[in-house]
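Next comes entry-v5.pdb, with PDB, C-alpha atoms, pLDDT in the B column.
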ATOM      1  CA  MET A   1      44.780  11.935  80.860  1.00 87.00           C
ATOM      2  CA  ASP A   2      43.278  10.615  77.635  1.00 94.00           C
ATOM      3  CA  ARG A   3      40.700   7.828  77.334  1.00 93.00           C
ATOM      4  CA  TRP A   4      43.383   5.062  77.225  1.00 93.00           C
ATOM      5  CA  GLY A   5      45.082   6.486  80.293  1.00 94.00           C
ATOM      6  CA  GLU A   6      41.798   6.606  82.197  1.00 95.00           C
ATOM      7  CA  GLU A   7      40.996   3.056  81.128  1.00 95.00           C
ATOM      8  CA  LEU A   8      44.442   1.804  82.162  1.00 92.00           C
ATOM      9  CA  ASN A   9      44.158   3.569  85.515  1.00 94.00           C
ATOM     10  CA  ARG A  10      40.731   2.048  86.172  1.00 96.00           C
ATOM     11  CA  PHE A  11      41.988  -1.370  85.129  1.00 94.00           C
ATOM     12  CA  LEU A  12      45.098  -1.258  87.357  1.00 93.00           C
ATOM     13  CA  VAL A  13      43.098  -0.095  90.375  1.00 96.00           C
ATOM     14  CA  GLU A  14      40.360  -2.684  89.846  1.00 97.00           C
ATOM     15  CA  VAL A  15      42.745  -5.581  89.194  1.00 95.00           C
ATOM     16  CA  PHE A  16      44.901  -4.716  92.209  1.00 93.00           C
ATOM     17  CA  ASN A  17      41.846  -4.441  94.454  1.00 96.00           C
ATOM     18  CA  ASP A  18      40.256  -7.614  93.052  1.00 96.00           C
ATOM     19  CA  ILE A  19      43.422  -9.665  93.577  1.00 94.00           C
ATOM     20  CA  LEU A  20      43.860  -8.279  97.093  1.00 94.00           C
ATOM     21  CA  LYS A  21      40.229  -8.952  98.049  1.00 95.00           C
ATOM     22  CA  THR A  22      40.349 -12.454  96.580  1.00 95.00           C
ATOM     23  CA  GLU A  23      43.597 -13.249  98.358  1.00 94.00           C
ATOM     24  CA  GLU A  24      42.279 -11.840 101.652  1.00 93.00           C
ATOM     25  CA  ARG A  25      39.069 -13.873 101.336  1.00 94.00           C
ATOM     26  CA  HIS A  26      41.016 -17.040 100.573  1.00 93.00           C
ATOM     27  CA  ALA A  27      43.334 -16.436 103.527  1.00 92.00           C
ATOM     28  CA  ALA A  28      40.409 -15.808 105.877  1.00 92.00           C
ATOM     29  CA  GLU A  29      38.691 -19.024 104.747  1.00 93.00           C
ATOM     30  CA  ARG A  30      41.808 -21.158 105.198  1.00 93.00           C
ATOM     31  CA  PHE A  31      43.542 -19.460 108.133  1.00 92.00           C
ATOM     32  CA  SER A  32      41.214 -17.790 110.586  1.00 92.00           C
ATOM     33  CA  ASP A  33      44.188 -16.795 112.739  1.00 96.00           C
ATOM     34  CA  LEU A  34      46.349 -15.259 109.962  1.00 96.00           C
ATOM     35  CA  SER A  35      46.206 -11.959 108.138  1.00 94.00           C
ATOM     36  CA  LEU A  36      47.370 -11.601 104.555  1.00 93.00           C
ATOM     37  CA  ARG A  37      50.369  -9.606 105.780  1.00 94.00           C
ATOM     38  CA  GLU A  38      51.305 -12.464 108.106  1.00 97.00           C
ATOM     39  CA  LEU A  39      50.952 -15.006 105.278  1.00 96.00           C
ATOM     40  CA  HIS A  40      53.243 -12.936 103.070  1.00 96.00           C
ATOM     41  CA  LEU A  41      55.817 -12.737 105.839  1.00 98.00           C
ATOM     42  CA  ILE A  42      55.701 -16.528 106.303  1.00 98.00           C
ATOM     43  CA  GLU A  43      56.141 -16.877 102.533  1.00 98.00           C
ATOM     44  CA  GLU A  44      59.194 -14.580 102.597  1.00 98.00           C
ATOM     45  CA  VAL A  45      60.795 -16.558 105.437  1.00 98.00           C
ATOM     46  CA  CYS A  46      60.124 -19.896 103.704  1.00 98.00           C
ATOM     47  CA  GLN A  47      61.642 -18.616 100.462  1.00 98.00           C
ATOM     48  CA  ALA A  48      64.703 -17.218 102.219  1.00 98.00           C
ATOM     49  CA  VAL A  49      65.342 -20.510 104.027  1.00 98.00           C
ATOM     50  CA  ASP A  50      64.587 -22.727 101.009  1.00 98.00           C
ATOM     51  CA  GLN A  51      66.687 -20.641  98.606  1.00 98.00           C
ATOM     52  CA  GLN A  52      69.477 -20.269 101.175  1.00 97.00           C
ATOM     53  CA  ARG A  53      69.112 -16.501 101.107  1.00 97.00           C
ATOM     54  CA  ASP A  54      69.622 -14.247 104.101  1.00 97.00           C
ATOM     55  CA  ASN A  55      66.965 -15.109 106.667  1.00 97.00           C
ATOM     56  CA  ARG A  56      68.104 -12.610 109.287  1.00 97.00           C
ATOM     57  CA  SER A  57      65.251 -10.479 110.536  1.00 97.00           C
ATOM     58  CA  THR A  58      66.885  -7.352 109.058  1.00 95.00           C
ATOM     59  CA  ALA A  59      66.976  -8.938 105.582  1.00 97.00           C
ATOM     60  CA  ILE A  60      63.379 -10.140 105.866  1.00 98.00           C
ATOM     61  CA  ALA A  61      62.251  -6.657 106.944  1.00 97.00           C
ATOM     62  CA  ALA A  62      64.054  -5.111 103.960  1.00 95.00           C
ATOM     63  CA  ALA A  63      62.557  -7.659 101.548  1.00 95.00           C
ATOM     64  CA  GLN A  64      59.072  -6.943 102.903  1.00 95.00           C
ATOM     65  CA  ARG A  65      59.729  -3.181 102.893  1.00 92.00           C
ATOM     66  CA  VAL A  66      58.799  -2.798 106.563  1.00 95.00           C
ATOM     67  CA  THR A  67      60.640  -1.330 109.512  1.00 96.00           C
ATOM     68  CA  ALA A  68      62.431  -3.505 112.043  1.00 95.00           C
ATOM     69  CA  GLY A  69      59.793  -2.520 114.612  1.00 96.00           C
ATOM     70  CA  THR A  70      56.911  -3.572 112.370  1.00 96.00           C
ATOM     71  CA  LEU A  71      58.638  -6.868 111.608  1.00 97.00           C
ATOM     72  CA  THR A  72      59.232  -7.522 115.313  1.00 97.00           C
ATOM     73  CA  THR A  73      55.537  -6.988 116.070  1.00 97.00           C
ATOM     74  CA  VAL A  74      54.403  -9.375 113.327  1.00 98.00           C
ATOM     75  CA  VAL A  75      57.057 -11.991 114.153  1.00 98.00           C
ATOM     76  CA  ASN A  76      56.007 -11.867 117.828  1.00 98.00           C
ATOM     77  CA  GLN A  77      52.433 -12.679 116.760  1.00 98.00           C
ATOM     78  CA  LEU A  78      53.510 -15.442 114.375  1.00 98.00           C
ATOM     79  CA  GLU A  79      55.784 -16.986 116.979  1.00 98.00           C
ATOM     80  CA  ARG A  80      52.941 -17.027 119.523  1.00 98.00           C
ATOM     81  CA  LYS A  81      50.653 -18.628 116.929  1.00 98.00           C
ATOM     82  CA  GLY A  82      53.260 -21.284 116.151  1.00 98.00           C
ATOM     83  CA  TYR A  83      54.108 -20.308 112.548  1.00 98.00           C
ATOM     84  CA  LEU A  84      57.667 -18.956 112.921  1.00 98.00           C
ATOM     85  CA  LEU A  85      60.703 -19.474 115.132  1.00 98.00           C
ATOM     86  CA  ARG A  86      63.397 -16.969 116.044  1.00 98.00           C
ATOM     87  CA  ARG A  87      66.945 -18.156 116.619  1.00 97.00           C
ATOM     88  CA  ARG A  88      70.141 -16.276 117.410  1.00 96.00           C
ATOM     89  CA  ASP A  89      72.767 -16.660 114.706  1.00 91.00           C
ATOM     90  CA  GLU A  90      75.458 -19.149 115.735  1.00 90.00           C
ATOM     91  CA  LEU A  91      78.330 -16.945 114.545  1.00 90.00           C
ATOM     92  CA  ASP A  92      76.922 -13.478 115.207  1.00 91.00           C
ATOM     93  CA  LYS A  93      74.885 -13.503 118.413  1.00 89.00           C
ATOM     94  CA  ARG A  94      73.529 -10.021 117.595  1.00 90.00           C
ATOM     95  CA  ALA A  95      71.695 -11.327 114.535  1.00 94.00           C
ATOM     96  CA  VAL A  96      68.318 -13.066 114.726  1.00 95.00           C
ATOM     97  CA  ARG A  97      67.345 -15.604 112.081  1.00 97.00           C
ATOM     98  CA  LEU A  98      63.769 -16.538 111.244  1.00 98.00           C
ATOM     99  CA  TYR A  99      62.560 -20.050 110.433  1.00 98.00           C
ATOM    100  CA  PRO A 100      59.141 -21.457 109.546  1.00 98.00           C
ATOM    101  CA  THR A 101      57.645 -24.155 111.742  1.00 98.00           C
ATOM    102  CA  GLU A 102      55.821 -27.135 110.238  1.00 98.00           C
ATOM    103  CA  LYS A 103      52.594 -25.176 110.752  1.00 98.00           C
ATOM    104  CA  GLY A 104      54.170 -22.230 108.926  1.00 98.00           C
ATOM    105  CA  ARG A 105      55.223 -24.466 106.036  1.00 98.00           C
ATOM    106  CA  GLU A 106      51.696 -25.863 105.746  1.00 97.00           C
ATOM    107  CA  ALA A 107      50.211 -22.349 105.641  1.00 97.00           C
ATOM    108  CA  ASN A 108      52.748 -21.333 103.016  1.00 97.00           C
ATOM    109  CA  GLN A 109      51.979 -24.374 100.858  1.00 97.00           C
ATOM    110  CA  GLU A 110      48.262 -23.581 100.948  1.00 96.00           C
ATOM    111  CA  HIS A 111      48.952 -19.954 100.055  1.00 96.00           C
ATOM    112  CA  LEU A 112      51.233 -20.993  97.169  1.00 96.00           C
ATOM    113  CA  LYS A 113      48.490 -23.322  95.939  1.00 96.00           C
ATOM    114  CA  PHE A 114      46.124 -20.326  95.781  1.00 95.00           C
ATOM    115  CA  HIS A 115      48.670 -18.408  93.689  1.00 95.00           C
ATOM    116  CA  ARG A 116      49.222 -21.368  91.344  1.00 97.00           C
ATOM    117  CA  GLU A 117      45.483 -21.760  90.795  1.00 96.00           C
ATOM    118  CA  MET A 118      45.091 -18.028  90.161  1.00 95.00           C
ATOM    119  CA  VAL A 119      47.909 -18.001  87.589  1.00 96.00           C
ATOM    120  CA  GLU A 120      46.701 -21.189  85.895  1.00 97.00           C
ATOM    121  CA  GLY A 121      43.198 -19.721  85.658  1.00 96.00           C
ATOM    122  CA  ILE A 122      44.471 -16.537  84.049  1.00 95.00           C
ATOM    123  CA  LEU A 123      46.727 -18.394  81.612  1.00 96.00           C
ATOM    124  CA  SER A 124      43.950 -20.775  80.601  1.00 97.00           C
ATOM    125  CA  ALA A 125      41.866 -17.779  79.507  1.00 97.00           C
ATOM    126  CA  LEU A 126      44.586 -16.585  77.099  1.00 97.00           C
ATOM    127  CA  GLU A 127      45.847 -17.803  73.737  1.00 97.00           C
ATOM    128  CA  PRO A 128      49.587 -18.645  73.548  1.00 94.00           C
ATOM    129  CA  GLU A 129      50.423 -15.446  71.627  1.00 95.00           C
ATOM    130  CA  GLU A 130      48.441 -13.407  74.161  1.00 97.00           C
ATOM    131  CA  ILE A 131      50.463 -14.932  77.007  1.00 96.00           C
ATOM    132  CA  SER A 132      53.691 -13.709  75.430  1.00 95.00           C
ATOM    133  CA  VAL A 133      52.348 -10.168  74.982  1.00 96.00           C
ATOM    134  CA  PHE A 134      50.825 -10.223  78.492  1.00 96.00           C
ATOM    135  CA  ASN A 135      54.151 -11.277  80.046  1.00 96.00           C
ATOM    136  CA  LYS A 136      56.055  -8.581  78.158  1.00 96.00           C
ATOM    137  CA  ALA A 137      53.560  -5.912  79.194  1.00 95.00           C
ATOM    138  CA  LEU A 138      53.644  -6.978  82.845  1.00 95.00           C
ATOM    139  CA  THR A 139      57.467  -7.055  82.788  1.00 96.00           C
ATOM    140  CA  ASN A 140      57.474  -3.481  81.476  1.00 96.00           C
ATOM    141  CA  ILE A 141      54.894  -2.362  84.057  1.00 94.00           C
ATOM    142  CA  THR A 142      56.889  -3.969  86.877  1.00 94.00           C
ATOM    143  CA  GLY A 143      60.071  -2.324  85.603  1.00 95.00           C
ATOM    144  CA  PHE A 144      58.318   1.048  85.586  1.00 94.00           C
ATOM    145  CA  PHE A 145      57.103   0.701  89.181  1.00 91.00           C
ATOM    146  CA  HIS A 146      60.519  -0.408  90.397  1.00 91.00           C
ATOM    147  CA  SER A 147      62.467   2.316  88.628  1.00 94.00           C
ATOM    148  CA  LYS A 148      59.981   5.078  89.447  1.00 90.00           C
ATOM    149  CA  TYR A 149      58.878   4.207  92.974  1.00 89.00           C
ATOM    150  CA  LEU A 150      60.335   1.082  94.591  1.00 86.00           C
ATOM    151  CA  ASP A 151      64.061   1.067  93.901  1.00 85.00           C
ATOM    152  CA  LYS A 152      64.371   4.634  95.191  1.00 70.00           C
ATOM    153  CA  ALA A 153      62.987   3.733  98.618  1.00 55.00           C
TER     154      ALA A 153
END
So that I can check it, write out the structure of this file as structure tokens.
Amino acid sequence: MDRWGEELNRFLVEVFNDILKTEERHAAERFSDLSLRELHLIEEVCQAVDQQRDNRSTAIAAAQRVTAGTLTTVVNQLERKGYLLRRRDELDKRAVRLYPTEKGREANQEHLKFHREMVEGILSALEPEEISVFNKALTNITGFFHSKYLDKA
């Protein structure tokens, strides 16, 4: 790996870790009873319901790239804490649909606010032409990860 490759590797690792640590810290400050994984699951359920996408537990598990067993464990915890509800599908009694509670919606709104502030902070540090280049680069990086690692899973 040449100097640019080493620099890019260091940057990707540091940025990923910094974002994760910042997000975890924010979550811990706002929601003492929620993990970051739980917040992301609540976010996925809210989006599925709001966008009228498939909110069956199998679809949520696939979207989160977790097994059905892992999802069941996390949903059990979130249901006990009052953030999510499970309901049998009206037409297909075998299927279970997930819904956010009011408490879940409030947690999701706070988490989305964190993301908005993070993005606004980053964008405010860039010039308009830099934003365009930054977006193109991130689109290419995302495409690489999906084609190389994520879409094959």
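Residue nearest Leu84 (chain A) within the list A:Arg116, A:Val49, A:Ile42, A:Ala62: A:Ile42 [criterion: smallest interatomic distance, all atoms listed in the file].
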Hey, could you pull the box centre and edge lengths for region 135-149 of chain A, axis-aligned, 5 Å padding per side, all listed atoms, to one decimal in Å, as AutoDock Vina command-line options?
--center_x 58.0 --center_y -3.1 --center_z 85.6 --size_x 18.9 --size_y 26.4 --size_z 24.8
Near Phe31 (chain A), within 10 Å and counting all atoms listed in the file, which residues show up once chain neighbours fewer than 5 positions away are dropped, as number ranges by chain?
-> A: 25-26, 36, 39, 107, 110-111
Counting only C-alpha atoms, what is within 12 Å of region 145-153 of chain A, bar same-chain residues fewer than 3 positions away, as a ChimeraX atom specification?
-> /A:62-66,138-142
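Separating CA of Asp18 (chain A) from CA of Asn76 (chain A) is a distance of 29.7 Å.
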Restricting the calculation to only C-alpha atoms, which member of A:Ile131, A:Ala137, A:Leu126, A:Leu71 is positioned closest to Arg56 (chain A)?
-> A:Leu71
CA of Leu91 (chain A) to CA of Gln47 (chain A) measures 21.9 Å
Can you work out which one of A:Val45, A:Ala27, A:Leu8, A:Ala95 has the shortest atom-to-atom distance to Ile60 (chain A), counting only C-alpha atoms?
-> A:Val45
For Lys103 (chain A), the closest of A:Glu79, A:Ser35, A:Val15, A:Ser124 counting only C-alpha atoms is A:Glu79
What residues come out when you apply the PyMOL selection byres ((chain A and resi 86) around 10) to this file, written as a list in words?
-> Arg56, Ser57, Val75, Asn76, Glu79, Leu84, Leu85, Arg87, Arg88, Asp89, Val96, Arg97, Leu98, Tyr99 and Pro100 of chain A
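CA of Thr22 (chain A) to CA of Thr72 (chain A) spans 27.1 Å [interatomic distance, one decimal].
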